[in-house]
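Read the structure below first, then the notes.
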Amino acid sequence: MSRRPRDGGVPAPLLVPAAVAVAFLVLPLVGLVVRAPWSEIGPQLAREQVGEALRLSLVSATAATALSLVLGVPLAWVLARSRVRGRAVLRALVTVPLVLPPVVGGVALFLVLGRTGLLGGPLYEHLGVSIPFTTTAVVIAETFVAMPFLVISVEGALRAADARFEDAAATLGANRWTTFRRVTLPLVAPGIAAGAVLCWARALGEFGATITFAGNFPGTTQTMPLAVYLALQSDPEAAIALSLVLLGVSLATLLLLRDRWLGRAAA
């Protein structure tokens with residue numbers, strides 16, 4: 001039996017940069033908690049505009065996650081299991097939103113789905129449908145920036161799954177669709193769940209693409225991040241209160257993923 005090597009001490013040259021890194025990442029969060037006007041958080045969150053922004057954020061992030069599941073899971077299967085030519089290029093294109101500045105993503109969406117865009121132009125001209133600056137635009141912008149997180153997570157789960165179960169189902173006469181539905185999906189369900197949580201959290205915190213493509217209209221397109229940005233200009237205490245809500249959501253997301261990732265890393 002192979003024994004796990006004993007954990008040794010941390011080399012001295014690594015202690016200082018590690019401590020600086022921890023301080024760099026944690027101190028801003030500590031400052032947000034320490035400087036929060038705790039006595040006014042309740043009244044701030046009870047404001048009608050804040051409630052509308054929170055409701056819109058939750059609804060749009062959930063809709064974006066649902067859309068990402070419908071489109072992203074099949075795409076992840078294509079990237080992980082198919083032999084389509086150009087998969088490397090396709091994977092690179094799919095993951096571009098991860099590194100693309102969100103504002104640029106908003107501009108790109110505008111050029112495609114705006115009233116004079118590649119697809120938006122015909123939609124507006126023939127059907128009178130205008131997508132920008134609507135709640136639909138919020139969902140599209142959030143899906144654009146969040147779906148790659150789901151695709152990467154599900155693709156990794158598919159690559160790690162034991163393909164022998166699928167082979168066994170095929171030998172028993174199951175077609176590809178039945179095998180995918182009855183065997184593959186249950187195998188990668190934890191990866192899909194983790195990707196969906198990440199996707200939802202990313203969609204909830206989206207700012208750049210949303211404000212560029214959907215605007216900042218209260219009750220229609222103003223999500224929580226946009227409300228924080230607007231409040232920071234006139235009411236910093238309200239901005240802190242809203243920021244605490246998003247911080248709480250982020251921490252809850254990490255707790256949900258703890259057994260999936262953090263627990264595995266510590267094992």
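Order determines the names: the first chain of the structure tokens is A, the second B, and so forth; residues in each chain are numbered 1 upward, and ligands are numbered 1 upward as they are shown.
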- Item | Test item: residues at most 12 Å from A:Gly105, only C-alpha atoms, excluding those fewer than 3 positions along its chain, as a PyMOL selection string | chain A and resi 96-102+108-113+140-146+206-214
- Counting only C-alpha atoms, what is within 8 Å of A:Thr135, bar same-chain residues fewer than 3 positions away, as a list in words? Ser60, Val138, Val139, Ala214, Thr220 and Thr221 of chain A
Prev. selection, all heavy atoms, output as a compact mmCIF listing (two decimals), in the first residue's frame:
```txt
# COMPACT_ATOMS: atom_id res chain seq x y z
N SER A 60 -33.78 36.51 -13.70
CA SER A 60 -32.96 36.48 -14.91
C SER A 60 -31.81 35.49 -14.78
O SER A 60 -31.49 34.78 -15.75
CB SER A 60 -32.43 37.88 -15.21
OG SER A 60 -31.62 38.37 -14.15
N VAL A 138 -31.39 41.11 -20.79
CA VAL A 138 -30.66 40.77 -19.56
C VAL A 138 -30.36 39.28 -19.53
O VAL A 138 -29.22 38.86 -19.25
CB VAL A 138 -31.49 41.17 -18.32
CG1 VAL A 138 -30.78 40.72 -17.05
CG2 VAL A 138 -31.71 42.68 -18.29
N VAL A 139 -31.36 38.46 -19.82
CA VAL A 139 -31.17 37.01 -19.81
C VAL A 139 -30.14 36.58 -20.86
O VAL A 139 -29.27 35.74 -20.59
CB VAL A 139 -32.51 36.30 -20.05
CG1 VAL A 139 -32.31 34.78 -20.15
CG2 VAL A 139 -33.50 36.62 -18.93
N ALA A 214 -28.38 45.71 -22.27
CA ALA A 214 -29.75 45.82 -21.74
C ALA A 214 -30.03 47.15 -21.08
O ALA A 214 -31.20 47.50 -20.86
CB ALA A 214 -30.00 44.68 -20.73
N THR A 220 -36.99 46.85 -15.06
CA THR A 220 -36.95 46.18 -16.35
C THR A 220 -35.61 45.51 -16.61
O THR A 220 -35.55 44.33 -16.97
CB THR A 220 -37.25 47.16 -17.49
OG1 THR A 220 -38.51 47.79 -17.26
CG2 THR A 220 -37.28 46.45 -18.84
N THR A 221 -34.53 46.25 -16.43
CA THR A 221 -33.20 45.70 -16.70
C THR A 221 -32.21 45.95 -15.57
O THR A 221 -31.06 45.52 -15.67
CB THR A 221 -32.61 46.29 -18.00
OG1 THR A 221 -32.39 47.70 -17.83
CG2 THR A 221 -33.54 46.05 -19.18
```
- For A:Ala80, work out the shell of residues within 8 Å, counting only C-alpha atoms and skipping chain neighbours fewer than 6 positions away, then give it as a list in words.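 In the requested form, the answer reads Glu155, Gly156, Leu158 and Arg159 of chain A.
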Written selection (C-alpha atoms) as a PDB file, in the first residue's frame:
```pdb
ATOM      1  CA  GLU A 155     -17.250  18.576 -20.330  1.00  0.00           C
ATOM      2  CA  GLY A 156     -14.813  17.749 -17.541  1.00  0.00           C
ATOM      3  CA  LEU A 158     -18.022  13.704 -19.225  1.00  0.00           C
ATOM      4  CA  ARG A 159     -14.328  13.123 -19.796  1.00  0.00           C
TER       5      ARG A 159
END
```
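Compared by their closest atoms to A:Ser153, and using only C-alpha atoms, the residues A:Val188, A:Leu255, A:Leu90, A:Ala66 rank with A:Val188 nearest.
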- Identify, on the basis of only C-alpha atoms, every residue whose closest approach to A:Ser39 does not exceed 12 Å; exclude the query and any residue fewer than 4 positions from it along the same chain; express the result as a PyMOL selection string. chain A and resi 35+43-45+237-238+241
What does the file look like for those residues with C-alpha atoms, as a compact mmCIF listing (two decimals), in the first residue's frame?
```txt
# COMPACT_ATOMS: atom_id res chain seq x y z
CA ARG A 35 -17.86 49.12 7.35
CA PRO A 43 -34.55 49.38 5.69
CA GLN A 44 -32.20 49.55 2.71
CA LEU A 45 -33.18 46.10 1.48
CA GLU A 237 -24.45 52.93 2.49
CA ALA A 238 -27.10 51.47 0.22
CA ALA A 241 -25.93 46.84 1.85
```
- List every residue of stretch 178-232 of chain A that DSSP, applied to the backbone of this structure, assigns to alpha helix (DSSP H), and report them as JSON, numbers by chain. {"A": [178, 179, 185, 186, 187, 189, 190, 191, 192, 193, 194, 195, 196, 197, 198, 199, 200, 201, 202, 203, 204, 208, 209, 210, 211, 212, 213, 224, 225, 226, 227, 228, 229, 230, 231, 232]}
Could you save the residues just selected, with N, CA, C and O atoms, as a tab-separated table (two decimals), in the first residue's frame?
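Final file, selection_13.tsv:
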```
chain	number	residue	atom	x	y	z
A	178	THR	N	-31.12	7.07	-25.94
A	178	THR	CA	-31.50	6.40	-24.71
A	178	THR	C	-30.30	6.27	-23.77
A	178	THR	O	-30.41	6.46	-22.56
A	179	THR	N	-29.13	5.95	-24.35
A	179	THR	CA	-27.92	5.84	-23.54
A	179	THR	C	-27.58	7.17	-22.90
A	179	THR	O	-27.23	7.24	-21.72
A	185	LEU	N	-26.39	11.00	-18.50
A	185	LEU	CA	-26.85	12.09	-17.63
A	185	LEU	C	-26.75	11.75	-16.14
A	185	LEU	O	-26.24	12.56	-15.36
A	186	PRO	N	-27.20	10.57	-15.69
A	186	PRO	CA	-27.01	10.24	-14.28
A	186	PRO	C	-25.54	10.18	-13.87
A	186	PRO	O	-25.19	10.53	-12.73
A	187	LEU	N	-24.67	9.73	-14.77
A	187	LEU	CA	-23.25	9.64	-14.44
A	187	LEU	C	-22.65	11.01	-14.18
A	187	LEU	O	-21.81	11.17	-13.29
A	189	ALA	N	-24.33	13.83	-13.46
A	189	ALA	CA	-25.26	14.72	-12.75
A	189	ALA	C	-24.54	15.64	-11.75
A	189	ALA	O	-24.86	16.84	-11.67
A	190	PRO	N	-23.57	15.14	-10.96
A	190	PRO	CA	-22.87	16.07	-10.05
A	190	PRO	C	-22.13	17.19	-10.79
A	190	PRO	O	-22.12	18.33	-10.34
A	191	GLY	N	-21.53	16.86	-11.93
A	191	GLY	CA	-20.86	17.89	-12.72
A	191	GLY	C	-21.83	18.90	-13.29
A	191	GLY	O	-21.54	20.10	-13.34
A	192	ILE	N	-23.00	18.42	-13.72
A	192	ILE	CA	-24.03	19.34	-14.22
A	192	ILE	C	-24.51	20.25	-13.10
A	192	ILE	O	-24.70	21.46	-13.30
A	193	ALA	N	-24.72	19.69	-11.91
A	193	ALA	CA	-25.18	20.49	-10.79
A	193	ALA	C	-24.15	21.55	-10.41
A	193	ALA	O	-24.49	22.72	-10.18
A	194	ALA	N	-22.87	21.16	-10.36
A	194	ALA	CA	-21.83	22.13	-10.02
A	194	ALA	C	-21.74	23.22	-11.08
A	194	ALA	O	-21.60	24.41	-10.76
A	195	GLY	N	-21.81	22.82	-12.35
A	195	GLY	CA	-21.76	23.81	-13.41
A	195	GLY	C	-22.95	24.74	-13.38
A	195	GLY	O	-22.82	25.94	-13.64
A	196	ALA	N	-24.13	24.21	-13.05
A	196	ALA	CA	-25.33	25.05	-12.97
A	196	ALA	C	-25.22	26.07	-11.85
A	196	ALA	O	-25.61	27.23	-12.01
A	197	VAL	N	-24.67	25.66	-10.72
A	197	VAL	CA	-24.50	26.59	-9.60
A	197	VAL	C	-23.52	27.70	-9.97
A	197	VAL	O	-23.76	28.89	-9.71
A	198	LEU	N	-22.40	27.31	-10.59
A	198	LEU	CA	-21.43	28.32	-11.03
A	198	LEU	C	-22.04	29.26	-12.06
A	198	LEU	O	-21.84	30.48	-12.02
A	199	CYS	N	-22.77	28.68	-12.99
A	199	CYS	CA	-23.42	29.47	-14.03
A	199	CYS	C	-24.40	30.46	-13.41
A	199	CYS	O	-24.44	31.64	-13.78
A	200	TRP	N	-25.20	30.01	-12.45
A	200	TRP	CA	-26.18	30.87	-11.80
A	200	TRP	C	-25.50	32.01	-11.05
A	200	TRP	O	-25.92	33.16	-11.14
A	201	ALA	N	-24.43	31.68	-10.32
A	201	ALA	CA	-23.73	32.71	-9.57
A	201	ALA	C	-23.08	33.73	-10.49
A	201	ALA	O	-23.09	34.94	-10.21
A	202	ARG	N	-22.51	33.26	-11.60
A	202	ARG	CA	-21.89	34.19	-12.55
A	202	ARG	C	-22.94	35.08	-13.20
A	202	ARG	O	-22.72	36.28	-13.40
A	203	ALA	N	-24.08	34.50	-13.53
A	203	ALA	CA	-25.15	35.28	-14.14
A	203	ALA	C	-25.68	36.32	-13.15
A	203	ALA	O	-25.99	37.46	-13.53
A	204	LEU	N	-25.78	35.95	-11.88
A	204	LEU	CA	-26.28	36.87	-10.87
A	204	LEU	C	-25.37	38.08	-10.72
A	204	LEU	O	-25.83	39.19	-10.46
A	208	GLY	N	-21.08	44.10	-16.85
A	208	GLY	CA	-20.64	44.81	-18.06
A	208	GLY	C	-21.51	44.55	-19.27
A	208	GLY	O	-21.98	45.49	-19.93
A	209	ALA	N	-21.73	43.28	-19.60
A	209	ALA	CA	-22.54	42.96	-20.77
A	209	ALA	C	-23.99	43.40	-20.58
A	209	ALA	O	-24.65	43.82	-21.53
A	210	THR	N	-24.47	43.32	-19.34
A	210	THR	CA	-25.86	43.69	-19.07
A	210	THR	C	-26.09	45.17	-19.28
A	210	THR	O	-27.04	45.59	-19.96
A	211	ILE	N	-25.22	46.00	-18.70
A	211	ILE	CA	-25.44	47.44	-18.81
A	211	ILE	C	-25.22	47.93	-20.23
A	211	ILE	O	-25.82	48.93	-20.66
A	212	THR	N	-24.38	47.23	-21.00
A	212	THR	CA	-24.14	47.63	-22.39
A	212	THR	C	-25.26	47.21	-23.31
A	212	THR	O	-25.71	48.00	-24.16
A	213	PHE	N	-25.75	46.00	-23.14
A	213	PHE	CA	-26.74	45.46	-24.07
A	213	PHE	C	-28.18	45.69	-23.59
A	213	PHE	O	-29.09	45.84	-24.40
A	224	MET	N	-29.09	43.54	-9.57
A	224	MET	CA	-28.41	43.93	-8.33
A	224	MET	C	-27.05	44.58	-8.58
A	224	MET	O	-26.74	45.61	-7.98
A	225	PRO	N	-26.18	44.02	-9.44
A	225	PRO	CA	-24.91	44.70	-9.67
A	225	PRO	C	-25.08	46.11	-10.22
A	225	PRO	O	-24.33	47.02	-9.85
A	226	LEU	N	-26.06	46.31	-11.09
A	226	LEU	CA	-26.31	47.64	-11.62
A	226	LEU	C	-26.85	48.56	-10.54
A	226	LEU	O	-26.52	49.76	-10.50
A	227	ALA	N	-27.69	48.02	-9.65
A	227	ALA	CA	-28.20	48.81	-8.54
A	227	ALA	C	-27.07	49.22	-7.60
A	227	ALA	O	-27.08	50.34	-7.07
A	228	VAL	N	-26.09	48.34	-7.39
A	228	VAL	CA	-24.93	48.69	-6.56
A	228	VAL	C	-24.15	49.84	-7.19
A	228	VAL	O	-23.77	50.80	-6.52
A	229	TYR	N	-23.92	49.74	-8.48
A	229	TYR	CA	-23.18	50.79	-9.19
A	229	TYR	C	-23.91	52.12	-9.11
A	229	TYR	O	-23.29	53.17	-8.86
A	230	LEU	N	-25.21	52.11	-9.28
A	230	LEU	CA	-25.98	53.34	-9.24
A	230	LEU	C	-26.02	53.92	-7.83
A	230	LEU	O	-25.87	55.13	-7.64
A	231	ALA	N	-26.19	53.05	-6.83
A	231	ALA	CA	-26.26	53.52	-5.45
A	231	ALA	C	-24.93	54.08	-4.97
A	231	ALA	O	-24.90	55.00	-4.15
A	232	LEU	N	-23.84	53.54	-5.48
A	232	LEU	CA	-22.52	54.00	-5.05
A	232	LEU	C	-22.29	55.47	-5.38
A	232	LEU	O	-21.52	56.15	-4.69
```
- Minimum-distance residue to A:Leu75, chosen among A:Ala174, A:Glu125, A:Thr95, A:Leu242 (using only C-alpha atoms):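 Of the candidates, the smallest distance to A:Leu75 is held by A:Thr95.
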- Item | atom CA of A:Leu150 to atom CA of A:Leu54, straight-line distance in Å | 22.9 Å
- Query: In Å to one decimal, how far is atom CA of A:Arg91 from atom CA of A:Asn175?
  - Reply: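 Atom CA of A:Arg91 lies 26.5 Å from atom CA of A:Asn175.
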- So, counting only C-alpha atoms, which residue among A:Leu247, A:Val59, A:Ala137, A:Leu25 is closest to A:Gly215? A:Ala137
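For the atom pair formed by atom CA of A:Leu69 and atom CA of A:Thr134, the distance is 22.1 Å, given to one decimal.
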Contact residues around A:Glu166 with only C-alpha atoms at 10 Å, ignoring same-chain residues under 2 positions, as a PDB file with all heavy atoms, in the first residue's frame:
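To be explicit, this is the file written out as out10.pdb:
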```pdb
ATOM      1  N   ALA A 161     -16.036  10.548 -16.678  1.00  0.00           N
ATOM      2  CA  ALA A 161     -16.995   9.459 -16.480  1.00  0.00           C
ATOM      3  C   ALA A 161     -16.498   8.169 -17.139  1.00  0.00           C
ATOM      4  O   ALA A 161     -15.831   8.198 -18.177  1.00  0.00           O
ATOM      5  CB  ALA A 161     -18.356   9.854 -17.037  1.00  0.00           C
ATOM      6  N   ASP A 162     -16.832   7.057 -16.541  1.00  0.00           N
ATOM      7  CA  ASP A 162     -16.444   5.750 -17.067  1.00  0.00           C
ATOM      8  C   ASP A 162     -17.331   5.405 -18.266  1.00  0.00           C
ATOM      9  O   ASP A 162     -18.541   5.198 -18.125  1.00  0.00           O
ATOM     10  CB  ASP A 162     -16.589   4.690 -15.973  1.00  0.00           C
ATOM     11  CG  ASP A 162     -15.922   3.376 -16.344  1.00  0.00           C
ATOM     12  OD1 ASP A 162     -15.642   3.178 -17.544  1.00  0.00           O
ATOM     13  OD2 ASP A 162     -15.685   2.552 -15.451  1.00  0.00           O
ATOM     14  N   ALA A 163     -16.732   5.343 -19.431  1.00  0.00           N
ATOM     15  CA  ALA A 163     -17.492   5.086 -20.656  1.00  0.00           C
ATOM     16  C   ALA A 163     -17.946   3.639 -20.775  1.00  0.00           C
ATOM     17  O   ALA A 163     -18.754   3.314 -21.656  1.00  0.00           O
ATOM     18  CB  ALA A 163     -16.648   5.457 -21.874  1.00  0.00           C
ATOM     19  N   ARG A 164     -17.465   2.752 -19.889  1.00  0.00           N
ATOM     20  CA  ARG A 164     -17.854   1.348 -20.004  1.00  0.00           C
ATOM     21  C   ARG A 164     -19.345   1.147 -19.753  1.00  0.00           C
ATOM     22  O   ARG A 164     -19.959   0.236 -20.299  1.00  0.00           O
ATOM     23  CB  ARG A 164     -17.031   0.506 -19.027  1.00  0.00           C
ATOM     24  CG  ARG A 164     -15.560   0.369 -19.416  1.00  0.00           C
ATOM     25  CD  ARG A 164     -14.790  -0.414 -18.380  1.00  0.00           C
ATOM     26  NE  ARG A 164     -14.775   0.266 -17.088  1.00  0.00           N
ATOM     27  CZ  ARG A 164     -14.180  -0.216 -16.005  1.00  0.00           C
ATOM     28  NH1 ARG A 164     -13.570  -1.397 -16.059  1.00  0.00           N
ATOM     29  NH2 ARG A 164     -14.206   0.451 -14.860  1.00  0.00           N
ATOM     30  N   ALA A 168     -21.815  -0.708 -22.247  1.00  0.00           N
ATOM     31  CA  ALA A 168     -22.675  -1.817 -21.839  1.00  0.00           C
ATOM     32  C   ALA A 168     -24.119  -1.568 -22.264  1.00  0.00           C
ATOM     33  O   ALA A 168     -24.809  -2.495 -22.721  1.00  0.00           O
ATOM     34  CB  ALA A 168     -22.597  -2.010 -20.322  1.00  0.00           C
ATOM     35  N   ALA A 169     -24.573  -0.336 -22.129  1.00  0.00           N
ATOM     36  CA  ALA A 169     -25.935  -0.004 -22.560  1.00  0.00           C
ATOM     37  C   ALA A 169     -26.091  -0.200 -24.065  1.00  0.00           C
ATOM     38  O   ALA A 169     -27.124  -0.683 -24.534  1.00  0.00           O
ATOM     39  CB  ALA A 169     -26.266   1.442 -22.174  1.00  0.00           C
ATOM     40  N   ALA A 170     -25.058   0.145 -24.818  1.00  0.00           N
ATOM     41  CA  ALA A 170     -25.116  -0.022 -26.272  1.00  0.00           C
ATOM     42  C   ALA A 170     -25.176  -1.498 -26.655  1.00  0.00           C
ATOM     43  O   ALA A 170     -25.913  -1.888 -27.575  1.00  0.00           O
ATOM     44  CB  ALA A 170     -23.906   0.652 -26.922  1.00  0.00           C
ATOM     45  N   THR A 171     -24.415  -2.329 -25.951  1.00  0.00           N
ATOM     46  CA  THR A 171     -24.440  -3.757 -26.261  1.00  0.00           C
ATOM     47  C   THR A 171     -25.796  -4.383 -25.918  1.00  0.00           C
ATOM     48  O   THR A 171     -26.162  -5.426 -26.479  1.00  0.00           O
ATOM     49  CB  THR A 171     -23.335  -4.497 -25.492  1.00  0.00           C
ATOM     50  OG1 THR A 171     -23.531  -4.309 -24.077  1.00  0.00           O
ATOM     51  CG2 THR A 171     -21.966  -3.981 -25.893  1.00  0.00           C
ATOM     52  N   LEU A 172     -26.544  -3.762 -25.016  1.00  0.00           N
ATOM     53  CA  LEU A 172     -27.866  -4.268 -24.651  1.00  0.00           C
ATOM     54  C   LEU A 172     -28.968  -3.754 -25.571  1.00  0.00           C
ATOM     55  O   LEU A 172     -30.152  -4.034 -25.348  1.00  0.00           O
ATOM     56  CB  LEU A 172     -28.193  -3.897 -23.203  1.00  0.00           C
ATOM     57  CG  LEU A 172     -27.315  -4.563 -22.132  1.00  0.00           C
ATOM     58  CD1 LEU A 172     -27.641  -4.015 -20.753  1.00  0.00           C
ATOM     59  CD2 LEU A 172     -27.508  -6.079 -22.166  1.00  0.00           C
ATOM     60  N   ALA A 174     -29.516  -0.385 -26.474  1.00  0.00           N
ATOM     61  CA  ALA A 174     -29.963   0.995 -26.299  1.00  0.00           C
ATOM     62  C   ALA A 174     -29.364   1.877 -27.392  1.00  0.00           C
ATOM     63  O   ALA A 174     -28.174   1.762 -27.711  1.00  0.00           O
ATOM     64  CB  ALA A 174     -29.549   1.517 -24.929  1.00  0.00           C
ATOM     65  N   ARG A 176     -28.322   5.699 -29.058  1.00  0.00           N
ATOM     66  CA  ARG A 176     -27.486   6.754 -28.482  1.00  0.00           C
ATOM     67  C   ARG A 176     -28.289   7.709 -27.605  1.00  0.00           C
ATOM     68  O   ARG A 176     -27.808   8.138 -26.554  1.00  0.00           O
ATOM     69  CB  ARG A 176     -26.790   7.526 -29.604  1.00  0.00           C
ATOM     70  CG  ARG A 176     -25.724   6.717 -30.318  1.00  0.00           C
ATOM     71  CD  ARG A 176     -24.975   7.564 -31.322  1.00  0.00           C
ATOM     72  NE  ARG A 176     -23.905   6.818 -31.950  1.00  0.00           N
ATOM     73  CZ  ARG A 176     -23.060   7.340 -32.842  1.00  0.00           C
ATOM     74  NH1 ARG A 176     -23.179   8.609 -33.207  1.00  0.00           N
ATOM     75  NH2 ARG A 176     -22.110   6.590 -33.368  1.00  0.00           N
ATOM     76  N   THR A 178     -31.125   7.075 -25.940  1.00  0.00           N
ATOM     77  CA  THR A 178     -31.497   6.396 -24.708  1.00  0.00           C
ATOM     78  C   THR A 178     -30.299   6.267 -23.774  1.00  0.00           C
ATOM     79  O   THR A 178     -30.408   6.457 -22.559  1.00  0.00           O
ATOM     80  CB  THR A 178     -32.079   5.009 -25.012  1.00  0.00           C
ATOM     81  OG1 THR A 178     -33.218   5.153 -25.859  1.00  0.00           O
ATOM     82  CG2 THR A 178     -32.473   4.295 -23.736  1.00  0.00           C
ATOM     83  N   THR A 179     -29.132   5.948 -24.353  1.00  0.00           N
ATOM     84  CA  THR A 179     -27.922   5.838 -23.543  1.00  0.00           C
ATOM     85  C   THR A 179     -27.580   7.174 -22.903  1.00  0.00           C
ATOM     86  O   THR A 179     -27.228   7.237 -21.716  1.00  0.00           O
ATOM     87  CB  THR A 179     -26.749   5.354 -24.406  1.00  0.00           C
ATOM     88  OG1 THR A 179     -27.066   4.079 -24.972  1.00  0.00           O
ATOM     89  CG2 THR A 179     -25.476   5.244 -23.589  1.00  0.00           C
ATOM     90  N   PHE A 180     -27.687   8.247 -23.671  1.00  0.00           N
ATOM     91  CA  PHE A 180     -27.390   9.568 -23.123  1.00  0.00           C
ATOM     92  C   PHE A 180     -28.359   9.925 -22.000  1.00  0.00           C
ATOM     93  O   PHE A 180     -27.959  10.418 -20.946  1.00  0.00           O
ATOM     94  CB  PHE A 180     -27.471  10.616 -24.237  1.00  0.00           C
ATOM     95  CG  PHE A 180     -27.325  12.026 -23.759  1.00  0.00           C
ATOM     96  CD1 PHE A 180     -26.078  12.542 -23.448  1.00  0.00           C
ATOM     97  CD2 PHE A 180     -28.430  12.848 -23.613  1.00  0.00           C
ATOM     98  CE1 PHE A 180     -25.932  13.839 -22.999  1.00  0.00           C
ATOM     99  CE2 PHE A 180     -28.308  14.147 -23.171  1.00  0.00           C
ATOM    100  CZ  PHE A 180     -27.057  14.650 -22.864  1.00  0.00           C
ATOM    101  N   ARG A 182     -30.466   7.856 -20.173  1.00  0.00           N
ATOM    102  CA  ARG A 182     -30.607   6.926 -19.055  1.00  0.00           C
ATOM    103  C   ARG A 182     -29.290   6.587 -18.367  1.00  0.00           C
ATOM    104  O   ARG A 182     -29.305   6.137 -17.219  1.00  0.00           O
ATOM    105  CB  ARG A 182     -31.265   5.631 -19.554  1.00  0.00           C
ATOM    106  CG  ARG A 182     -32.631   5.808 -20.194  1.00  0.00           C
ATOM    107  CD  ARG A 182     -33.677   6.162 -19.163  1.00  0.00           C
ATOM    108  NE  ARG A 182     -33.858   5.083 -18.200  1.00  0.00           N
ATOM    109  CZ  ARG A 182     -34.683   4.058 -18.377  1.00  0.00           C
ATOM    110  NH1 ARG A 182     -35.410   3.991 -19.504  1.00  0.00           N
ATOM    111  NH2 ARG A 182     -34.805   3.126 -17.460  1.00  0.00           N
ATOM    112  N   VAL A 183     -28.156   6.787 -19.061  1.00  0.00           N
ATOM    113  CA  VAL A 183     -26.869   6.392 -18.495  1.00  0.00           C
ATOM    114  C   VAL A 183     -25.944   7.591 -18.312  1.00  0.00           C
ATOM    115  O   VAL A 183     -25.430   7.841 -17.214  1.00  0.00           O
ATOM    116  CB  VAL A 183     -26.180   5.330 -19.375  1.00  0.00           C
ATOM    117  CG1 VAL A 183     -24.820   4.945 -18.796  1.00  0.00           C
ATOM    118  CG2 VAL A 183     -27.068   4.104 -19.508  1.00  0.00           C
ATOM    119  N   THR A 184     -25.728   8.343 -19.400  1.00  0.00           N
ATOM    120  CA  THR A 184     -24.747   9.426 -19.348  1.00  0.00           C
ATOM    121  C   THR A 184     -25.160  10.526 -18.386  1.00  0.00           C
ATOM    122  O   THR A 184     -24.355  10.978 -17.550  1.00  0.00           O
ATOM    123  CB  THR A 184     -24.529  10.008 -20.749  1.00  0.00           C
ATOM    124  OG1 THR A 184     -24.181   8.961 -21.659  1.00  0.00           O
ATOM    125  CG2 THR A 184     -23.409  11.034 -20.725  1.00  0.00           C
ATOM    126  N   LEU A 187     -24.670   9.728 -14.774  1.00  0.00           N
ATOM    127  CA  LEU A 187     -23.252   9.643 -14.440  1.00  0.00           C
ATOM    128  C   LEU A 187     -22.645  11.014 -14.177  1.00  0.00           C
ATOM    129  O   LEU A 187     -21.805  11.174 -13.287  1.00  0.00           O
ATOM    130  CB  LEU A 187     -22.490   8.949 -15.576  1.00  0.00           C
ATOM    131  CG  LEU A 187     -22.514   7.422 -15.634  1.00  0.00           C
ATOM    132  CD1 LEU A 187     -21.792   6.935 -16.882  1.00  0.00           C
ATOM    133  CD2 LEU A 187     -21.888   6.823 -14.385  1.00  0.00           C
TER     134      LEU A 187
END
```
